[in-house]
Each structure stands twice: as C-alpha cells, then as structure tokens.
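Below is one structure, written out as structure tokens, with a few remarks after it.
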There are 2 protein chains.
Amino acid sequence: MELYAERGYDGTTVAEIADRAGVTARTFFRHFADKREVLFAGSEQLEVLMVKALSEAPADATPMAAVTAAVLSSAEFFDDIRRDYSRRRAAVIQATPELLERELIKMASLTTGLTKALRERGVEQDVAALAAETGVAVFRVAFERWLTEPDGVAFADVIRSTLKTLSGLTA
Amino acid sequence: MELYAERGYDGTTVAEIADRAGVTARTFFRHFADKREVLFAGSEQLEVLMVKALSEAPADATPMAAVTAAVLSSAEFFDDIRRDYSRRRAAVIQATPELLERELIKMASLTTGLTKALRERGVEQDVAALAAETGVAVFRVAFERWLTEPDGVAFADVIRSTLKTLSGLTA
DNA sequence: AGGAGTGATGTCATCAACTGACATCACTAA
DNA sequence: TTAGTGATGTCAGTTGATGACATCACTCCT
C-alpha cells in the first residue's frame, strides 16, 4: 500500500512490491492471486464475521433485523487504529478504477453471503436479496461517513444513524 | 461474446477476437479500453437514460419516487429481443470474475450518476446515496428475475413487482 | 483537379502481469 | 539419518496493453 500511495497503482510494478517485501515476484503471486488482491487480504474475515452474526440472530427476527445485526457486528472489526489505515487505503482505492472494481466484488461477495444466510433462515429469495443489498448499502454509506468523522466516534453509532436515515427514506 | 461463450473468457485471446472481427489487436484496443470492455459497450447509454428520467421527475417528487421513475425508465431499453442477448451475456459474465467486476463498476457508476442527479434536486448527500443504492438494487434484482421470466413479460412489470417487495421489507 | 488536413487502421517494438516447470532449501516426523 | 513437506527462487514463455510511426481513404478548400 505504501508503494501504491507513493507512485500510484499503475506506476508500481509487482517486482517493486516484491523487492520491498524481500521476495521475488513469483512468490508475490503465490501469496496473492493478482496485483490488486494485495490490498484485500482480510476481507474474507469481515464477511465471515457478518454472516455469522446474521445466522446467530434470533430465529424470530425479521429479515431486516437480522441484517441489521450483521451490519452492526462489523463494528467489532473497525476501531480508531484501523480507521487510520482504512482512510489511506480508501484513498488509494478511490484513485484506481481497477482497485475499485475489486472492492466492489468483495462487497458483492458479502451481499451473496448475507443473502445465502438469510435463505437458510427460510427467507424467500427476492426478499433475501433485497435485504442483503440494503444492508450492504447501509454498511458502505456508514463506512464512508465514518472515515470522515473525528476520532473517537464509534463506527457502530454511525451505522445506527445511517439505519435511521434509511427508515426515513421509505417511510 | 461468441468467443467468450465458446471458449471462455480466459481461453480467448484479444488476437482471436480481432481476427474474427477482421481487424488487428491494436485496433481492438482503439475501440475498447481493455479485453473486458467489449461486453459493456452501450452501458453508458442506459445510465444517461436513467439519469435523465430522474432529473425530469416532478420537482415535488420524493427522492424514492424520483428514483423509481429512473428505474422504470430503464424498461425502454430492454425488450424481448434484447432479453435473449442479455441472457447469454449474463451467463458469460457470471462465469468470469473479471467480467463480473466490470459489471459491478458499471452499476456503481450508475449509482453515482443517480446520486448526483438527486443532489442536484436538493436532496441531502446520505439520503441521495441511500436512495440511489436502493434504486440500483431494485434494478438488479428485477433484471435478474426478468431474465428467468417467460417471453412476453414486460420488464416494467417485474420492476413494479420488485418495488412492492421492497416496500414490504421495511414496513 | 489537386493538395492539405483528419481519422481510422496496420506495423513494430516494448513493457509488465501472470503462469507452468523444475530446482533448492529449511524444517519436521519417523 | 532420512524421507517428506512446504515455501521460495529461477527461468522461460504467453498474453494484455501502450507508444511511435507509417499508410490509406475520405473530406474540404482553393
């Protein structure tokens, strides 16, 4: 990420990244599927965490309530230290279409994961898909806003505020 | 798309595509930014159409009503003939992560476009972003369902049905 | 008619992302 | 000690992508 921030994604070669890490380019590709993936290590963990939270929501919770639990659980992942890193990472990603694409597919994977977990709770396909999409939308909007907030503001609070905005929308 | 369907995206070289089209690879890259883009020509037109519909919605329409108008306007784009093509295209895209990424960024671009158009109507940022995300989610879910419907079912009807599902969700 | 643009294409050279095959080396378990 | 295992290096090759330059058709102006 240092290199991407310094010289830009396009201006950085895999050989340079590998050098900085003290390995060869071939080894880089053994750890990361491609040049983009290096910025997304750990994103599976977030998905696992959120899917787990959704599955463990009370059986009688509505689809949106279960999704809400999942989104709120993501707050465990992001504290003030993470946020600094997240901010720099977000800047790099926003500046590079190819990285933005990768970020989007991670979010899509999250959506799929949440949808499946909802279906396993007996929720009908279209409802599950929409609830999941809505949940991920809330996550994204909240996350983006959280990055602009001053230190000390908890991610969970931003999520709750965003959820309130959402319910105002469709009311 | 023929080649992607026959041999898969990875199994197809740009040289082969160019050959089939009777040009050189260099010329291919003058028409399309990269190997993926060839499947997404025309997606800007859809965005232009939907953004226009949103901007032209009555000034006193709520954000969601304006977004609804935009989503419904997309139905002009897709008739029964288009659907056949869309189905084959969707199959290729679903089978190829790299193409899926590109599809997602097109949807993101659409979201951004709708968000901006909402902001120009005086809608506040977070509300605009959520309404746009929701609208695109509806579009996606409806589109996917439409592809599975028998001939003769109008896309607009599927959209309306999906919108109904959505309003039931947050109720 | 006869240039002078202009735009689309071809040709060539080059870079950089990836991948497969094989060798090496450290470390572990029998 | 030895066989096995996993991580890494080396090397060669394919393919996506881009810049520089030449060519050719077509339009516009005189």
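Within each chain, counting starts at residue 1; across the structure tokens, chains are named A, B, ... in the order shown, with ligands numbered 1 upward in that order.
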
Residues of chain A were defined as contacting chain B if any atom lay at most 9 Å from it, counting only C-alpha atoms; please report them as a PyMOL selection string. chain A and resi 62-64+97-98+100-105+108+126-127+129-131+133-134+137-138+141-142+145+162+165-171

Saved selection, atoms kept: N, CA and C atoms, as a compact mmCIF listing (two decimals), in the first residue's frame:
# COMPACT_ATOMS: atom_id res chain seq x y z
N THR A 62 -37.01 -10.32 12.09
CA THR A 62 -37.35 -10.08 10.68
C THR A 62 -36.07 -10.08 9.86
N PRO A 63 -36.20 -10.25 8.54
CA PRO A 63 -35.01 -10.20 7.69
C PRO A 63 -34.18 -8.94 7.92
N MET A 64 -34.84 -7.78 7.94
CA MET A 64 -34.09 -6.55 8.12
C MET A 64 -33.43 -6.48 9.50
N PRO A 97 -9.37 2.79 -10.65
CA PRO A 97 -10.54 2.04 -11.10
C PRO A 97 -10.40 0.53 -10.89
N GLU A 98 -9.23 -0.01 -11.19
CA GLU A 98 -9.06 -1.45 -11.07
C GLU A 98 -9.22 -1.91 -9.63
N LEU A 100 -10.99 -0.25 -7.40
CA LEU A 100 -12.40 -0.02 -7.10
C LEU A 100 -13.22 -1.23 -7.54
N GLU A 101 -12.91 -1.75 -8.68
CA GLU A 101 -13.61 -2.95 -9.16
C GLU A 101 -13.46 -4.09 -8.16
N ARG A 102 -12.26 -4.27 -7.70
CA ARG A 102 -12.03 -5.37 -6.75
C ARG A 102 -12.82 -5.14 -5.46
N GLU A 103 -12.81 -3.91 -5.00
CA GLU A 103 -13.56 -3.59 -3.79
C GLU A 103 -15.04 -3.92 -3.99
N LEU A 104 -15.54 -3.57 -5.15
CA LEU A 104 -16.95 -3.81 -5.43
C LEU A 104 -17.27 -5.30 -5.42
N ILE A 105 -16.37 -6.11 -5.95
CA ILE A 105 -16.68 -7.54 -6.00
C ILE A 105 -16.60 -8.13 -4.60
N ALA A 108 -19.89 -7.40 -3.27
CA ALA A 108 -20.87 -8.30 -3.89
C ALA A 108 -20.81 -9.67 -3.24
N ASP A 126 -36.17 -13.27 -3.27
CA ASP A 126 -36.17 -11.85 -3.59
C ASP A 126 -36.06 -10.98 -2.34
N VAL A 127 -36.77 -11.39 -1.32
CA VAL A 127 -36.70 -10.64 -0.06
C VAL A 127 -35.29 -10.69 0.50
N ALA A 129 -32.48 -11.22 -1.11
CA ALA A 129 -31.56 -10.45 -1.94
C ALA A 129 -31.67 -8.96 -1.66
N LEU A 130 -32.90 -8.47 -1.58
CA LEU A 130 -33.10 -7.04 -1.34
C LEU A 130 -32.62 -6.63 0.05
N ALA A 131 -32.93 -7.46 1.03
CA ALA A 131 -32.50 -7.14 2.40
C ALA A 131 -30.98 -7.10 2.46
N GLU A 133 -28.83 -6.57 -0.04
CA GLU A 133 -28.35 -5.40 -0.79
C GLU A 133 -28.51 -4.14 0.06
N THR A 134 -29.65 -4.03 0.69
CA THR A 134 -29.91 -2.86 1.52
C THR A 134 -28.91 -2.79 2.67
N ALA A 137 -25.58 -1.72 1.45
CA ALA A 137 -25.64 -0.29 1.12
C ALA A 137 -25.47 0.54 2.39
N VAL A 138 -26.15 0.13 3.44
CA VAL A 138 -26.02 0.84 4.71
C VAL A 138 -24.58 0.76 5.22
N VAL A 141 -22.37 3.17 3.05
CA VAL A 141 -22.61 4.59 3.33
C VAL A 141 -22.08 4.94 4.71
N ALA A 142 -22.34 4.08 5.66
CA ALA A 142 -21.89 4.34 7.03
C ALA A 142 -20.37 4.35 7.11
N ARG A 145 -18.91 7.45 5.71
CA ARG A 145 -19.11 8.60 6.59
C ARG A 145 -18.22 8.51 7.81
N THR A 162 -27.16 5.81 10.29
CA THR A 162 -27.46 5.56 8.87
C THR A 162 -28.73 4.73 8.72
N THR A 165 -31.60 6.99 8.95
CA THR A 165 -31.81 7.70 7.68
C THR A 165 -32.56 6.81 6.70
N LEU A 166 -32.17 5.56 6.65
CA LEU A 166 -32.81 4.62 5.73
C LEU A 166 -34.31 4.48 6.02
N SER A 167 -34.64 4.31 7.30
CA SER A 167 -36.05 4.09 7.62
C SER A 167 -36.86 5.35 7.29
N GLY A 168 -36.23 6.51 7.35
CA GLY A 168 -36.91 7.74 6.96
C GLY A 168 -37.19 7.79 5.47
N LEU A 169 -36.31 7.14 4.72
CA LEU A 169 -36.41 7.15 3.27
C LEU A 169 -37.69 6.54 2.74
N THR A 170 -37.95 5.33 3.23
CA THR A 170 -39.05 4.55 2.68
C THR A 170 -40.35 4.81 3.42
N ALA A 171 -40.29 5.65 4.44
CA ALA A 171 -41.48 5.92 5.24
C ALA A 171 -42.48 6.76 4.44

Residue hits in chain C, query chain B, radius 10 Å, only C-alpha atoms (C1' of nucleotides), as a ChimeraX atom specification: /C:8-11

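Every protein, DNA or RNA residue with an atom at most 12 Å from Leu147 of chain B, where only C-alpha atoms (C1' of nucleotides) count and chain neighbours fewer than 2 positions away do not, is listed here: Phe78, Asp79, Asp80, Ile81, Arg82, Arg83, Asp84, Tyr85, Ser86, Arg87, Arg88, Arg89, Ala90, Ala91, Arg140, Val141, Ala142, Phe143, Glu144, Arg145, Glu149, Pro150, Asp151, Gly152, Val153, Ala154, Phe155 and Val158 of chain B.
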
What does the file look like for those residues with C-alpha atoms, as a short mmCIF file (atom, residue, chain, number, x, y, z; two decimals), in the first residue's frame?
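out-v4.cif, written as the output of this step:
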data_model
loop_
_atom_site.label_atom_id
_atom_site.label_comp_id
_atom_site.auth_asym_id
_atom_site.auth_seq_id
_atom_site.Cartn_x
_atom_site.Cartn_y
_atom_site.Cartn_z
CA PHE B 78 -34.98 -3.92 -22.68
CA ASP B 79 -37.48 -5.67 -24.92
CA ASP B 80 -37.85 -9.38 -25.74
CA ILE B 81 -35.12 -9.27 -28.37
CA ARG B 82 -32.67 -7.67 -26.02
CA ARG B 83 -33.52 -10.23 -23.41
CA ASP B 84 -32.22 -13.13 -25.44
CA TYR B 85 -28.94 -11.35 -25.85
CA SER B 86 -28.96 -10.29 -22.21
CA ARG B 87 -29.39 -13.86 -21.05
CA ARG B 88 -26.38 -15.14 -22.96
CA ARG B 89 -24.39 -12.14 -21.91
CA ALA B 90 -25.30 -12.64 -18.27
CA ALA B 91 -24.21 -16.29 -18.44
CA ARG B 140 -30.53 -5.53 -10.36
CA VAL B 141 -32.92 -7.84 -8.59
CA ALA B 142 -35.66 -7.09 -11.09
CA PHE B 143 -33.36 -7.54 -14.06
CA GLU B 144 -32.14 -10.90 -12.85
CA ARG B 145 -35.68 -12.06 -12.29
CA GLU B 149 -39.40 -15.00 -16.83
CA PRO B 150 -41.08 -16.43 -19.94
CA ASP B 151 -41.39 -14.38 -23.11
CA GLY B 152 -43.84 -11.55 -23.14
CA VAL B 153 -43.43 -10.49 -19.53
CA ALA B 154 -42.59 -6.80 -19.57
CA PHE B 155 -39.56 -5.65 -17.65
CA VAL B 158 -41.17 -7.02 -12.95
#

When you look at segment 6-15 of chain D with a cut-off of 10 Å (counting only C-alpha atoms (C1' of nucleotides)), what residues show up, excluding the ones that are within fewer than 6 positions of it in the same chain? I need them as a PDB file with N, CA and C atoms (P, O5', C5', C4', C3', O3' and C1' of nucleotides), in the first residue's frame.
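Below is the file selection-v5.pdb, written as the result:
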ATOM      1  N   VAL A  23      11.101 -10.481  -1.360  1.00  0.00           N
ATOM      2  CA  VAL A  23      10.851 -11.748  -2.057  1.00  0.00           C
ATOM      3  C   VAL A  23      10.882 -11.508  -3.563  1.00  0.00           C
ATOM      4  N   THR A  24      10.672 -12.557  -4.321  1.00  0.00           N
ATOM      5  CA  THR A  24      10.627 -12.390  -5.772  1.00  0.00           C
ATOM      6  C   THR A  24       9.189 -12.196  -6.232  1.00  0.00           C
ATOM      7  N   ALA A  25       9.036 -11.744  -7.455  1.00  0.00           N
ATOM      8  CA  ALA A  25       7.695 -11.520  -7.997  1.00  0.00           C
ATOM      9  C   ALA A  25       6.907 -12.831  -7.999  1.00  0.00           C
ATOM     10  N   ARG A  26       7.599 -13.928  -8.326  1.00  0.00           N
ATOM     11  CA  ARG A  26       6.906 -15.228  -8.358  1.00  0.00           C
ATOM     12  C   ARG A  26       6.289 -15.539  -7.011  1.00  0.00           C
ATOM     13  N   THR A  27       6.998 -15.241  -5.976  1.00  0.00           N
ATOM     14  CA  THR A  27       6.492 -15.503  -4.620  1.00  0.00           C
ATOM     15  C   THR A  27       5.291 -14.611  -4.308  1.00  0.00           C
ATOM     16  N   ARG A  30       2.333 -16.145  -5.394  1.00  0.00           N
ATOM     17  CA  ARG A  30       1.923 -17.325  -4.625  1.00  0.00           C
ATOM     18  C   ARG A  30       1.100 -16.905  -3.418  1.00  0.00           C
TER      19      ARG A  30
ATOM     20  N   THR B  13      -8.135 -15.093 -26.717  1.00  0.00           N
ATOM     21  CA  THR B  13      -7.145 -14.013 -26.770  1.00  0.00           C
ATOM     22  C   THR B  13      -7.711 -12.839 -27.564  1.00  0.00           C
ATOM     23  N   VAL B  14      -7.179 -11.682 -27.277  1.00  0.00           N
ATOM     24  CA  VAL B  14      -7.601 -10.487 -27.987  1.00  0.00           C
ATOM     25  C   VAL B  14      -7.327 -10.650 -29.483  1.00  0.00           C
ATOM     26  N   ALA B  15      -6.225 -11.312 -29.808  1.00  0.00           N
ATOM     27  CA  ALA B  15      -5.887 -11.535 -31.219  1.00  0.00           C
ATOM     28  C   ALA B  15      -7.015 -12.300 -31.915  1.00  0.00           C
TER      29      ALA B  15
ATOM     30  P    DA C  17       3.242  -5.207 -13.409  1.00  0.00           P
ATOM     31  O5'  DA C  17       2.088  -6.307 -13.533  1.00  0.00           O
ATOM     32  C5'  DA C  17       0.859  -5.943 -14.113  1.00  0.00           C
ATOM     33  C4'  DA C  17       0.165  -7.172 -14.659  1.00  0.00           C
ATOM     34  C3'  DA C  17      -0.054  -8.298 -13.642  1.00  0.00           C
ATOM     35  O3'  DA C  17      -1.293  -8.912 -13.943  1.00  0.00           O
ATOM     36  C1'  DA C  17       1.178  -9.125 -15.466  1.00  0.00           C
ATOM     37  P    DC C  18      -2.178  -9.492 -12.668  1.00  0.00           P
ATOM     38  O5'  DC C  18      -1.739 -10.999 -12.447  1.00  0.00           O
ATOM     39  C5'  DC C  18      -0.843 -11.451 -13.155  1.00  0.00           C
ATOM     40  C4'  DC C  18      -1.005 -12.671 -14.021  1.00  0.00           C
ATOM     41  C3'  DC C  18      -0.932 -13.996 -13.285  1.00  0.00           C
ATOM     42  O3'  DC C  18      -1.982 -14.854 -13.723  1.00  0.00           O
ATOM     43  C1'  DC C  18       0.821 -13.789 -14.911  1.00  0.00           C
ATOM     44  P    DT C  19      -2.174 -16.288 -12.956  1.00  0.00           P
ATOM     45  O5'  DT C  19      -1.196 -17.272 -13.740  1.00  0.00           O
ATOM     46  C5'  DT C  19      -1.329 -17.408 -15.140  1.00  0.00           C
ATOM     47  C4'  DT C  19      -0.466 -18.573 -15.611  1.00  0.00           C
ATOM     48  C3'  DT C  19      -0.358 -19.737 -14.604  1.00  0.00           C
ATOM     49  O3'  DT C  19      -0.553 -20.933 -15.321  1.00  0.00           O
ATOM     50  C1'  DT C  19       1.789 -18.993 -15.239  1.00  0.00           C
ATOM     51  P    DG C  20      -0.793 -22.319 -14.518  1.00  0.00           P
ATOM     52  O5'  DG C  20       0.423 -23.213 -15.056  1.00  0.00           O
ATOM     53  C5'  DG C  20       0.628 -23.318 -16.457  1.00  0.00           C
ATOM     54  C4'  DG C  20       1.960 -23.979 -16.725  1.00  0.00           C
ATOM     55  C3'  DG C  20       2.246 -25.205 -15.870  1.00  0.00           C
ATOM     56  O3'  DG C  20       2.811 -26.222 -16.689  1.00  0.00           O
ATOM     57  C1'  DG C  20       3.977 -23.606 -15.576  1.00  0.00           C
ATOM     58  P    DA C  21       3.141 -27.642 -16.069  1.00  0.00           P
ATOM     59  O5'  DA C  21       4.727 -27.535 -15.909  1.00  0.00           O
ATOM     60  C5'  DA C  21       5.504 -27.035 -16.992  1.00  0.00           C
ATOM     61  C4'  DA C  21       6.976 -27.241 -16.693  1.00  0.00           C
ATOM     62  C3'  DA C  21       7.281 -28.453 -15.812  1.00  0.00           C
ATOM     63  O3'  DA C  21       8.493 -29.050 -16.246  1.00  0.00           O
ATOM     64  C1'  DA C  21       8.011 -26.479 -14.721  1.00  0.00           C
ATOM     65  P    DC C  22       8.940 -30.461 -15.587  1.00  0.00           P
ATOM     66  O5'  DC C  22      10.173 -30.001 -14.696  1.00  0.00           O
ATOM     67  C5'  DC C  22      11.164 -29.163 -15.282  1.00  0.00           C
ATOM     68  C4'  DC C  22      12.019 -28.548 -14.200  1.00  0.00           C
ATOM     69  C3'  DC C  22      12.476 -29.540 -13.119  1.00  0.00           C
ATOM     70  O3'  DC C  22      13.888 -29.575 -13.089  1.00  0.00           O
ATOM     71  C1'  DC C  22      11.737 -27.508 -12.178  1.00  0.00           C
ATOM     72  P    DA C  23      14.669 -30.466 -11.983  1.00  0.00           P
ATOM     73  O5'  DA C  23      15.334 -29.356 -11.056  1.00  0.00           O
ATOM     74  C5'  DA C  23      16.100 -28.312 -11.650  1.00  0.00           C
ATOM     75  C4'  DA C  23      16.592 -27.376 -10.556  1.00  0.00           C
ATOM     76  C3'  DA C  23      17.273 -28.077  -9.379  1.00  0.00           C
ATOM     77  O3'  DA C  23      18.428 -27.329  -8.996  1.00  0.00           O
ATOM     78  C1'  DA C  23      15.422 -26.838  -8.593  1.00  0.00           C
ATOM     79  P    DT C  24      19.425 -27.936  -7.839  1.00  0.00           P
ATOM     80  O5'  DT C  24      19.018 -27.110  -6.554  1.00  0.00           O
ATOM     81  C5'  DT C  24      18.857 -25.707  -6.656  1.00  0.00           C
ATOM     82  C4'  DT C  24      18.352 -25.156  -5.329  1.00  0.00           C
ATOM     83  C3'  DT C  24      18.973 -25.804  -4.090  1.00  0.00           C
ATOM     84  O3'  DT C  24      19.532 -24.766  -3.294  1.00  0.00           O
ATOM     85  C1'  DT C  24      16.633 -25.645  -3.884  1.00  0.00           C
ATOM     86  P    DC C  25      20.661 -25.121  -2.171  1.00  0.00           P
ATOM     87  O5'  DC C  25      19.903 -24.648  -0.842  1.00  0.00           O
ATOM     88  C5'  DC C  25      18.995 -23.544  -0.896  1.00  0.00           C
ATOM     89  C4'  DC C  25      18.025 -23.638   0.260  1.00  0.00           C
ATOM     90  C3'  DC C  25      18.594 -24.362   1.490  1.00  0.00           C
ATOM     91  O3'  DC C  25      18.362 -23.578   2.642  1.00  0.00           O
ATOM     92  C1'  DC C  25      16.485 -25.226   0.922  1.00  0.00           C
ATOM     93  P    DA C  26      19.139 -23.821   3.994  1.00  0.00           P
ATOM     94  O5'  DA C  26      17.959 -23.811   5.067  1.00  0.00           O
ATOM     95  C5'  DA C  26      17.025 -22.740   5.059  1.00  0.00           C
ATOM     96  C4'  DA C  26      15.736 -23.206   5.722  1.00  0.00           C
ATOM     97  C3'  DA C  26      15.943 -23.876   7.082  1.00  0.00           C
ATOM     98  O3'  DA C  26      14.935 -23.437   7.971  1.00  0.00           O
ATOM     99  C1'  DA C  26      14.776 -25.333   5.655  1.00  0.00           C
ATOM    100  P    DC C  27      15.048 -23.740   9.565  1.00  0.00           P
ATOM    101  O5'  DC C  27      13.569 -24.184   9.962  1.00  0.00           O
ATOM    102  C5'  DC C  27      12.566 -24.265   8.954  1.00  0.00           C
ATOM    103  C4'  DC C  27      11.749 -25.533   9.136  1.00  0.00           C
ATOM    104  C3'  DC C  27      11.950 -26.236  10.490  1.00  0.00           C
ATOM    105  O3'  DC C  27      10.663 -26.542  11.020  1.00  0.00           O
ATOM    106  C1'  DC C  27      12.191 -27.780   8.743  1.00  0.00           C
TER     107       DC C  27
END

Just how far from atom CA of Leu110 of chain B is atom CA of Glu47 of chain B, in Å to one decimal? 5.6 Å

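Candidate residues B:Leu54, B:Ala33, B:Ala70, B:Ala21 were compared for distance to chain D, and the nearest is B:Ala33, using only C-alpha atoms (C1' of nucleotides).
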
If you run DSSP on this backbone, which residues of segment 2-147 of chain A come out as alpha helix (DSSP H), and could you give them as an NGL selection string? :A and (2-7 or 14-21 or 25-31 or 43-55 or 63-73 or 80-94 or 97-119 or 125-147)

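Proximity of A:Leu49, A:His31, A:Asp60, A:Val38 to chain D, computed with only C-alpha atoms (C1' of nucleotides), is greatest for A:His31.
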
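Reported to one decimal place, the separation of atom CA of Lys35 of chain A from atom CA of Val92 of chain A is 13.6 Å.
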
Neighbours of chain B in chain D at 10 Å, counting only C-alpha atoms (C1' of nucleotides), as a list in words: DT15, DG16, DA17 and DT18 of chain D

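Each of A:Leu3, A:Ala66, A:Ile17, A:Leu39 was checked against Lys52 of chain A using only C-alpha atoms; the smallest atom-to-atom distance is that of A:Ala66.
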
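Rounded to one decimal, atom CA of Val51 of chain B and atom CA of Glu37 of chain B lie 21.6 Å from each other.
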